[in-house]
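Novice: Please read through the structure below; I'll follow up with questions.
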Amino acid sequence: MPASLLIVDDDRDFTESAADFARCRGFQPYVAHSLEQSRQFSHLPPLDLLLLDLELPDGNGLDLLDDPAVPEHDHAVIVTGQPSVESAIQAVSKPVFDYLLKPLCPSQFEALLTQAAAAHSHGQIITARHGMIGASDPMVRVYQDIERVAPSPASVLIVGESGTGKELVARAIHDRSGRRGPFVAVNAGAVSPELLASHLFGHERGSFTGANTRHTGYFEQANGGTLFLDEITEMPLPLQVYLLRVLESGSVTRVGGTESIAIDVRIVAATNRDPQLALEAGTLREDLFYRLADYPIALPPLRERGSDIKLLAQHFLDLLNLRHGTAKRFADDTERMLARHAWPGNVRELRSAVQRAYLNSDGATVRVWPAQRRLRTPVEDPGAIVFEVGMTYAEIEREMLARTLAHFDNDRTRTAQALGVSVRTIHNQLARLRRAKDATE
C-alpha cells in the first residue's frame with residue numbers, strides 16, 4: 001500500500017500542484033478544500049501526512065487536529081500564506097510536525113515526503129520538527145526557542161559544537177519569521193580576511209585590483225530576509241567594527257564606495273566556541289556580542305540528547321533504504337553501541353557512521369562501529385599529552401602519570417610536585433597499576 005497524504009487547502013491551484021508532486025513520488029494524495037470536505041475522508045486508514053492550511057472557508061485548519069472525524073495521521077504540517085505569532089504559538093501547543101510558509105519550496109516538500117515515506121515503510125513515526133529529528137528535552141527547548149524568537153526582529157546568536165545543526169536552526173527561524181526576502185548564509189571562517197569585507201558589504205568597480213565590476217554583497221542580497229553569519233568569532237576585529245556599524249545604522253556602504261544603502265536584514269549568527277572565552281581572548285568584541293545576542297540559543301551536543309541518537313540513526317538508515325530500494329536493519333546491539341560513543345562530531349558524525357556501516361554491510365544487517373576507524377593520529381609532542389573524547393578518567397589518570405614520570409626520568413618526587421600530589425600518592429597509584437597488570441596476566 002502506498003504512503004498517503006491529505007491536503008486541506010482552499011487554494012485549488014496549490015492543492016492540484018501539491019497532489020501531482022506527491023503522486024509522482026509514489027504517494028496516494030487526497031484533497032479537501034474545507035473543514036467539512038476533510039471530514040468526508042473519515043473512512044480512510046491512518047494517513048502518513050496531513051498538509052493543512054490555516055485559513056479555510058469554514059474555520060481554522062488547526063481545529064482538524066482535534067476532530068475525531070478526520071483520519072488518524074502520523075505527521076501534521078501547517079502550510080500557510082498568512083503567518084502570525086498567534087498561529088505559530090497555537091501550532092506549538094498542537095501535535096504539529098512542521099510549520100511552513102507559502103510558497104512551499106519544492107525541496108522542503110520533497111524532504112517532508114521522504115521522511116513520511118520512510119516512516120511508512122518501517123511502520124514507525126519519526127519525531128521531528130523544523131526539519132530536525134529529536135524528542136529529547138534539550139531539543140524541545142530548542143524548538144520552543146525557535147517559535148518564540150522567529151516572528152520578532154531580534155538578532156539571534158546560536159551557540160553549539162560543530163555538527164549540531166546551527167544552520168538548520170537559522171533556516172527554521174527564517175522560515176517562521178514571515179520575512180519575504182531570501183535566506184543567505186556565509187561562513188566567516190571559510191572566507192579569507194582580505195575578501196570577507198567585499199563578500200559581506202560588496203564593492204564598487206575599481207575599488208581594488210581585480211574589482212572589474214560592481215559586486216553586491218551578502219547584506220544587500222539578503223535585503224528583506226535573513227543573513228546567517230556562521231563562525232562569527234573567526235571574523236577579523238576590524239570587520240567586526242564595521243559589522244557593528246552596519247547593524248546599528250541599518251545601512252551598508254560598499255568597499256570603495258561612498259553611497260549609504262539602506263537595508264532591512266535580520267541577523268542570525270552562530271559560533272562553535274564559547275562566546276565568553278572568545279570575549280576574554282579578545283577575538284570577539286563585547287559590543288558586537290551584545291548586539292548579536294538579543295536572543296541566544298544553545299544547541300545541545302548529540303551525547304546529551306539520549307534516545308535522539310537512536311531516532312537519528314534510524315532516520316538516516318531509512319533514507320538510505322529509500323534511496324537504494326533496500327530494507328536493511330540495524331543489528332540487535334546497535335543501540336548499545338550508539339549510546340557508548342561520545343559523538344564528538346555530533347549529528348554529522350552519526351550520519352557518516354550510519355552511511356559507512358550501510359555501505360560496508362553485505363547482508364540485510366547493518367552494524368555501526370562509531371570508533372572503529374581513525375583517519376588521523378594526533379601529532380605526538382614530548383611535552384604534551386593528547387586525550388581522546390571517550391577516554392575514562394582512569395585511562396586519563398594512568399596516561400598522565402606515565403607521561404609525567406617519563407618526562408622527569410622516573411623521578412617520583414618531581415613527578416608528585418608537578419602533579420600537585422604527595423609522593424605517597426604516586427607510590428600507591430603505581431602499586432595499583434602493578435596489581436591490575438598482574439591480575440590480567
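In the C-alpha cells, the first chain shown is A, the next is B, and so on; residue numbers restart at 1 for each chain, and ligands run from 1 in the order shown.
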Determine, counting only C-alpha atoms, which protein, DNA and RNA residues have an atom within 9 Å of an atom of region 46-60 of chain A; residues of the same chain fewer than 6 positions away are not included. Present the result as a ChimeraX atom specification.

Specialist: /A:3-10,33-36,71-83,87,112-113,116-117,119-120,125

Novice: Mind giving me the straight-line distance from CA of Thr334 (chain A) to CA of Asn272 (chain A) in Å, one decimal?

Specialist: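 Value for the CA of Thr334 (chain A)-CA of Asn272 (chain A) distance: 28.9 Å.
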
Novice: Excluding region 255-257 of chain A and any residue of its chain fewer than 5 positions from it, enumerate the residues within 12 Å of it, using only C-alpha atoms, and give them as a list in words.

Specialist: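 That gives Glu194, Leu195, Leu196, Ala197, Ser198, His199, Leu200, Phe201, Gly202, His203, Glu204, Arg205, Gly206, Ser207, Phe208, Thr209, Ala211, Thr213, Arg214, His215, Thr216, Gly217, Leu239 and Tyr242 of chain A.
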
Novice: Could the residues in this selection be saved with C-alpha atoms as an mmCIF file, in the first residue's frame?

Specialist:
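Output file out20.cif follows:
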```cif
data_model
loop_
_atom_site.group_PDB
_atom_site.id
_atom_site.type_symbol
_atom_site.label_atom_id
_atom_site.label_comp_id
_atom_site.auth_asym_id
_atom_site.auth_seq_id
_atom_site.Cartn_x
_atom_site.Cartn_y
_atom_site.Cartn_z
ATOM 1 C CA GLU A 194 41.057 40.038 2.531
ATOM 2 C CA LEU A 195 37.881 39.048 0.661
ATOM 3 C CA LEU A 196 35.387 38.886 3.526
ATOM 4 C CA ALA A 197 34.634 42.627 3.527
ATOM 5 C CA SER A 198 33.863 42.534 -0.193
ATOM 6 C CA HIS A 199 31.701 39.422 0.220
ATOM 7 C CA LEU A 200 29.698 40.912 3.085
ATOM 8 C CA PHE A 201 29.355 44.539 2.096
ATOM 9 C CA GLY A 202 30.003 44.469 -1.647
ATOM 10 C CA HIS A 203 32.454 46.606 -3.593
ATOM 11 C CA GLU A 204 32.490 49.202 -6.319
ATOM 12 C CA ARG A 205 34.257 48.747 -9.625
ATOM 13 C CA GLY A 206 37.947 49.643 -9.369
ATOM 14 C CA SER A 207 37.977 49.671 -5.562
ATOM 15 C CA PHE A 208 40.891 47.194 -5.574
ATOM 16 C CA THR A 209 42.947 45.152 -8.032
ATOM 17 C CA ALA A 211 37.451 44.563 -8.972
ATOM 18 C CA THR A 213 32.687 45.147 -11.890
ATOM 19 C CA ARG A 214 30.441 46.286 -9.070
ATOM 20 C CA HIS A 215 29.643 43.460 -6.628
ATOM 21 C CA THR A 216 26.540 43.244 -4.459
ATOM 22 C CA GLY A 217 27.444 41.913 -1.018
ATOM 23 C CA LEU A 239 35.462 43.856 10.186
ATOM 24 C CA TYR A 242 32.245 47.710 10.504
#
```

Novice: Which residues, written as a ChimeraX atom specification, have at least one atom at most 12 Å from Arg424 (chain A), with only C-alpha atoms counted and residues fewer than 6 positions away on the same chain left out?

Specialist: /A:412-413,415-417,430-431

Novice: Considering only helix (DSSP H, G or I) as DSSP defines it on the backbone, what residues of region 273-424 of chain A qualify? List them as number ranges by chain.

Specialist: A: 275-281, 286-292, 302-304, 308-324, 334-340, 346-360, 393-407, 412-419, 423-424

Novice: Fewer than 6 positions away in the same chain doesn't count, so skip those; otherwise give me all residues within 10 Å of Val149 (chain A), counting only C-alpha atoms, as a PDB file with N, CA and C atoms, in the first residue's frame.

Specialist:
```
ATOM      1  N   VAL A  85       2.233  35.446  14.784  1.00  0.00           N
ATOM      2  CA  VAL A  85       2.736  34.977  16.075  1.00  0.00           C
ATOM      3  C   VAL A  85       1.691  34.094  16.747  1.00  0.00           C
ATOM      4  N   SER A 155      17.923  39.900  16.898  1.00  0.00           N
ATOM      5  CA  SER A 155      19.075  39.158  16.405  1.00  0.00           C
ATOM      6  C   SER A 155      19.253  37.924  17.275  1.00  0.00           C
ATOM      7  N   VAL A 156      19.744  36.851  16.666  1.00  0.00           N
ATOM      8  CA  VAL A 156      19.878  35.575  17.371  1.00  0.00           C
ATOM      9  C   VAL A 156      21.323  35.107  17.278  1.00  0.00           C
ATOM     10  N   ILE A 173      14.352  29.553  11.816  1.00  0.00           N
ATOM     11  CA  ILE A 173      13.992  30.893  12.291  1.00  0.00           C
ATOM     12  C   ILE A 173      13.555  31.761  11.115  1.00  0.00           C
ATOM     13  N   ARG A 176      10.062  30.781   9.692  1.00  0.00           N
ATOM     14  CA  ARG A 176       8.920  31.139  10.542  1.00  0.00           C
ATOM     15  C   ARG A 176       8.886  32.623  10.888  1.00  0.00           C
ATOM     16  N   SER A 177       9.780  33.392  10.279  1.00  0.00           N
ATOM     17  CA  SER A 177       9.849  34.817  10.598  1.00  0.00           C
ATOM     18  C   SER A 177       8.801  35.641   9.870  1.00  0.00           C
ATOM     19  N   ASP A 294      20.770  39.277  21.042  1.00  0.00           N
ATOM     20  CA  ASP A 294      19.473  39.691  21.589  1.00  0.00           C
ATOM     21  C   ASP A 294      18.757  38.478  22.179  1.00  0.00           C
ATOM     22  N   TYR A 295      18.887  37.342  21.457  1.00  0.00           N
ATOM     23  CA  TYR A 295      18.254  36.103  21.905  1.00  0.00           C
ATOM     24  C   TYR A 295      19.219  34.953  21.629  1.00  0.00           C
ATOM     25  N   PRO A 296      19.916  34.453  22.647  1.00  0.00           N
ATOM     26  CA  PRO A 296      20.838  33.333  22.426  1.00  0.00           C
ATOM     27  C   PRO A 296      20.116  31.993  22.437  1.00  0.00           C
ATOM     28  N   ILE A 297      20.551  31.084  21.602  1.00  0.00           N
ATOM     29  CA  ILE A 297      20.028  29.710  21.574  1.00  0.00           C
ATOM     30  C   ILE A 297      21.210  28.758  21.679  1.00  0.00           C
TER      31      ILE A 297
END
```

Novice: Just give me the gap between CA of Arg303 (chain A) and CA of Thr365 (chain A) in Å, one decimal is fine.

Specialist: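 Interatomic distance, CA of Arg303 (chain A) to CA of Thr365 (chain A): 24.6 Å.
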
Novice: Provide the CA of Ala331 (chain A) to CA of Arg367 (chain A) distance in Å, to one decimal place.

Specialist: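 Computed distance, CA of Ala331 (chain A) to CA of Arg367 (chain A), equals 5.3 Å.
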
Novice: What lies within 12 Å of Ala172 (chain A) using only C-alpha atoms, ignoring chain neighbours under 6 positions off, as a PyMOL selection string?

Specialist: chain A and resi 98-101+108+129-132+142-151+165-166+178-179+183+226+228+268

Novice: Could you save those same residues with N, CA and C atoms as a PDB file, in the first residue's frame?

Specialist:
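Final file, part_24.pdb:
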```pdb
ATOM      1  N   ASP A  98       5.519  20.282  11.507  1.00  0.00           N
ATOM      2  CA  ASP A  98       6.276  21.421  10.997  1.00  0.00           C
ATOM      3  C   ASP A  98       5.319  22.561  10.676  1.00  0.00           C
ATOM      4  N   TYR A  99       5.858  23.769  10.524  1.00  0.00           N
ATOM      5  CA  TYR A  99       5.086  24.981  10.257  1.00  0.00           C
ATOM      6  C   TYR A  99       5.808  25.695   9.133  1.00  0.00           C
ATOM      7  N   LEU A 100       5.243  25.641   7.912  1.00  0.00           N
ATOM      8  CA  LEU A 100       5.915  26.161   6.734  1.00  0.00           C
ATOM      9  C   LEU A 100       5.121  27.297   6.095  1.00  0.00           C
ATOM     10  N   LEU A 101       5.844  28.118   5.334  1.00  0.00           N
ATOM     11  CA  LEU A 101       5.226  29.274   4.680  1.00  0.00           C
ATOM     12  C   LEU A 101       5.100  29.040   3.181  1.00  0.00           C
ATOM     13  N   GLN A 108      11.656  21.552   0.364  1.00  0.00           N
ATOM     14  CA  GLN A 108      11.012  21.321   1.652  1.00  0.00           C
ATOM     15  C   GLN A 108       9.947  20.239   1.536  1.00  0.00           C
ATOM     16  N   ARG A 129      10.691  18.163  14.060  1.00  0.00           N
ATOM     17  CA  ARG A 129      10.113  19.490  13.864  1.00  0.00           C
ATOM     18  C   ARG A 129      11.176  20.371  13.250  1.00  0.00           C
ATOM     19  N   HIS A 130      10.740  21.308  12.424  1.00  0.00           N
ATOM     20  CA  HIS A 130      11.656  22.267  11.803  1.00  0.00           C
ATOM     21  C   HIS A 130      12.758  21.567  11.010  1.00  0.00           C
ATOM     22  N   GLY A 131      12.466  20.368  10.463  1.00  0.00           N
ATOM     23  CA  GLY A 131      13.480  19.654   9.713  1.00  0.00           C
ATOM     24  C   GLY A 131      14.512  18.964  10.573  1.00  0.00           C
ATOM     25  N   MET A 132      14.321  18.962  11.903  1.00  0.00           N
ATOM     26  CA  MET A 132      15.266  18.334  12.822  1.00  0.00           C
ATOM     27  C   MET A 132      14.597  17.160  13.513  1.00  0.00           C
ATOM     28  N   VAL A 142      14.871  23.805  22.298  1.00  0.00           N
ATOM     29  CA  VAL A 142      15.317  24.494  21.076  1.00  0.00           C
ATOM     30  C   VAL A 142      14.115  24.819  20.191  1.00  0.00           C
ATOM     31  N   TYR A 143      13.207  23.855  20.005  1.00  0.00           N
ATOM     32  CA  TYR A 143      12.004  24.101  19.208  1.00  0.00           C
ATOM     33  C   TYR A 143      11.215  25.279  19.783  1.00  0.00           C
ATOM     34  N   GLN A 144      11.083  25.317  21.097  1.00  0.00           N
ATOM     35  CA  GLN A 144      10.335  26.400  21.746  1.00  0.00           C
ATOM     36  C   GLN A 144      11.022  27.738  21.531  1.00  0.00           C
ATOM     37  N   ASP A 145      12.359  27.745  21.606  1.00  0.00           N
ATOM     38  CA  ASP A 145      13.110  28.986  21.363  1.00  0.00           C
ATOM     39  C   ASP A 145      12.871  29.491  19.939  1.00  0.00           C
ATOM     40  N   ILE A 146      12.876  28.581  18.980  1.00  0.00           N
ATOM     41  CA  ILE A 146      12.648  28.958  17.579  1.00  0.00           C
ATOM     42  C   ILE A 146      11.295  29.619  17.420  1.00  0.00           C
ATOM     43  N   GLU A 147      10.259  29.016  17.993  1.00  0.00           N
ATOM     44  CA  GLU A 147       8.904  29.560  17.853  1.00  0.00           C
ATOM     45  C   GLU A 147       8.775  30.922  18.526  1.00  0.00           C
ATOM     46  N   ARG A 148       9.455  31.090  19.657  1.00  0.00           N
ATOM     47  CA  ARG A 148       9.349  32.366  20.384  1.00  0.00           C
ATOM     48  C   ARG A 148      10.019  33.518  19.633  1.00  0.00           C
ATOM     49  N   VAL A 149      11.219  33.252  19.124  1.00  0.00           N
ATOM     50  CA  VAL A 149      12.010  34.357  18.584  1.00  0.00           C
ATOM     51  C   VAL A 149      11.762  34.612  17.106  1.00  0.00           C
ATOM     52  N   ALA A 150      11.318  33.591  16.362  1.00  0.00           N
ATOM     53  CA  ALA A 150      11.224  33.722  14.901  1.00  0.00           C
ATOM     54  C   ALA A 150      10.391  34.918  14.448  1.00  0.00           C
ATOM     55  N   PRO A 151       9.188  35.157  14.988  1.00  0.00           N
ATOM     56  CA  PRO A 151       8.374  36.265  14.469  1.00  0.00           C
ATOM     57  C   PRO A 151       8.886  37.648  14.862  1.00  0.00           C
ATOM     58  N   GLY A 165      23.842  21.307  14.062  1.00  0.00           N
ATOM     59  CA  GLY A 165      22.699  21.777  13.278  1.00  0.00           C
ATOM     60  C   GLY A 165      22.411  23.252  13.398  1.00  0.00           C
ATOM     61  N   LYS A 166      23.451  24.083  13.521  1.00  0.00           N
ATOM     62  CA  LYS A 166      23.231  25.521  13.715  1.00  0.00           C
ATOM     63  C   LYS A 166      22.564  26.156  12.494  1.00  0.00           C
ATOM     64  N   GLY A 178       8.287  35.114   8.748  1.00  0.00           N
ATOM     65  CA  GLY A 178       7.363  35.889   7.934  1.00  0.00           C
ATOM     66  C   GLY A 178       8.075  36.835   6.982  1.00  0.00           C
ATOM     67  N   ARG A 179       9.413  36.829   6.998  1.00  0.00           N
ATOM     68  CA  ARG A 179      10.167  37.705   6.106  1.00  0.00           C
ATOM     69  C   ARG A 179      10.148  37.137   4.693  1.00  0.00           C
ATOM     70  N   PHE A 183      17.052  33.748   2.377  1.00  0.00           N
ATOM     71  CA  PHE A 183      17.962  33.327   3.440  1.00  0.00           C
ATOM     72  C   PHE A 183      19.339  33.203   2.814  1.00  0.00           C
ATOM     73  N   THR A 226      16.990  37.161   5.745  1.00  0.00           N
ATOM     74  CA  THR A 226      17.834  36.806   6.885  1.00  0.00           C
ATOM     75  C   THR A 226      19.251  36.528   6.412  1.00  0.00           C
ATOM     76  N   PHE A 228      22.671  34.768   7.654  1.00  0.00           N
ATOM     77  CA  PHE A 228      23.231  33.853   8.644  1.00  0.00           C
ATOM     78  C   PHE A 228      24.746  33.969   8.616  1.00  0.00           C
ATOM     79  N   VAL A 268      21.137  36.379  12.025  1.00  0.00           N
ATOM     80  CA  VAL A 268      21.296  35.198  12.870  1.00  0.00           C
ATOM     81  C   VAL A 268      22.760  34.802  12.776  1.00  0.00           C
TER      82      VAL A 268
END
```

Novice: Apply DSSP to the structure's backbone, then extract all residues of region 188-435 of chain A labelled strand (DSSP E) and return them as a ChimeraX atom specification.

Specialist: /A:226-230,251-252,261-262,266-271,295-298,329-330,365-366

Novice: Could you give me, as a list in words, the residues within 12 Å of Lys328 (chain A), counting only C-alpha atoms and dropping anything in the same chain fewer than 2 positions from it?

Specialist: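 My list of contacting residues is Ser121, His122, Gln314, Phe316, Leu317, Asp318, Leu319, Leu320, Asn321, Leu322, Arg323, His324, Gly325, Thr326, Phe330, Ala331, Val354, Gln355, Ala357, Tyr358, Leu359, Asn360, Ser361, Asp362, Gly363, Ala364, Thr365, Val366 and Arg367 of chain A.
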
Novice: Using only C-alpha atoms, which residue out of A:Leu64, A:Gln240, A:Phe21, A:Val70 lies closest to Cys105 (chain A)?

Specialist: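 For Cys105 (chain A), the nearest of the candidates is A:Phe21.
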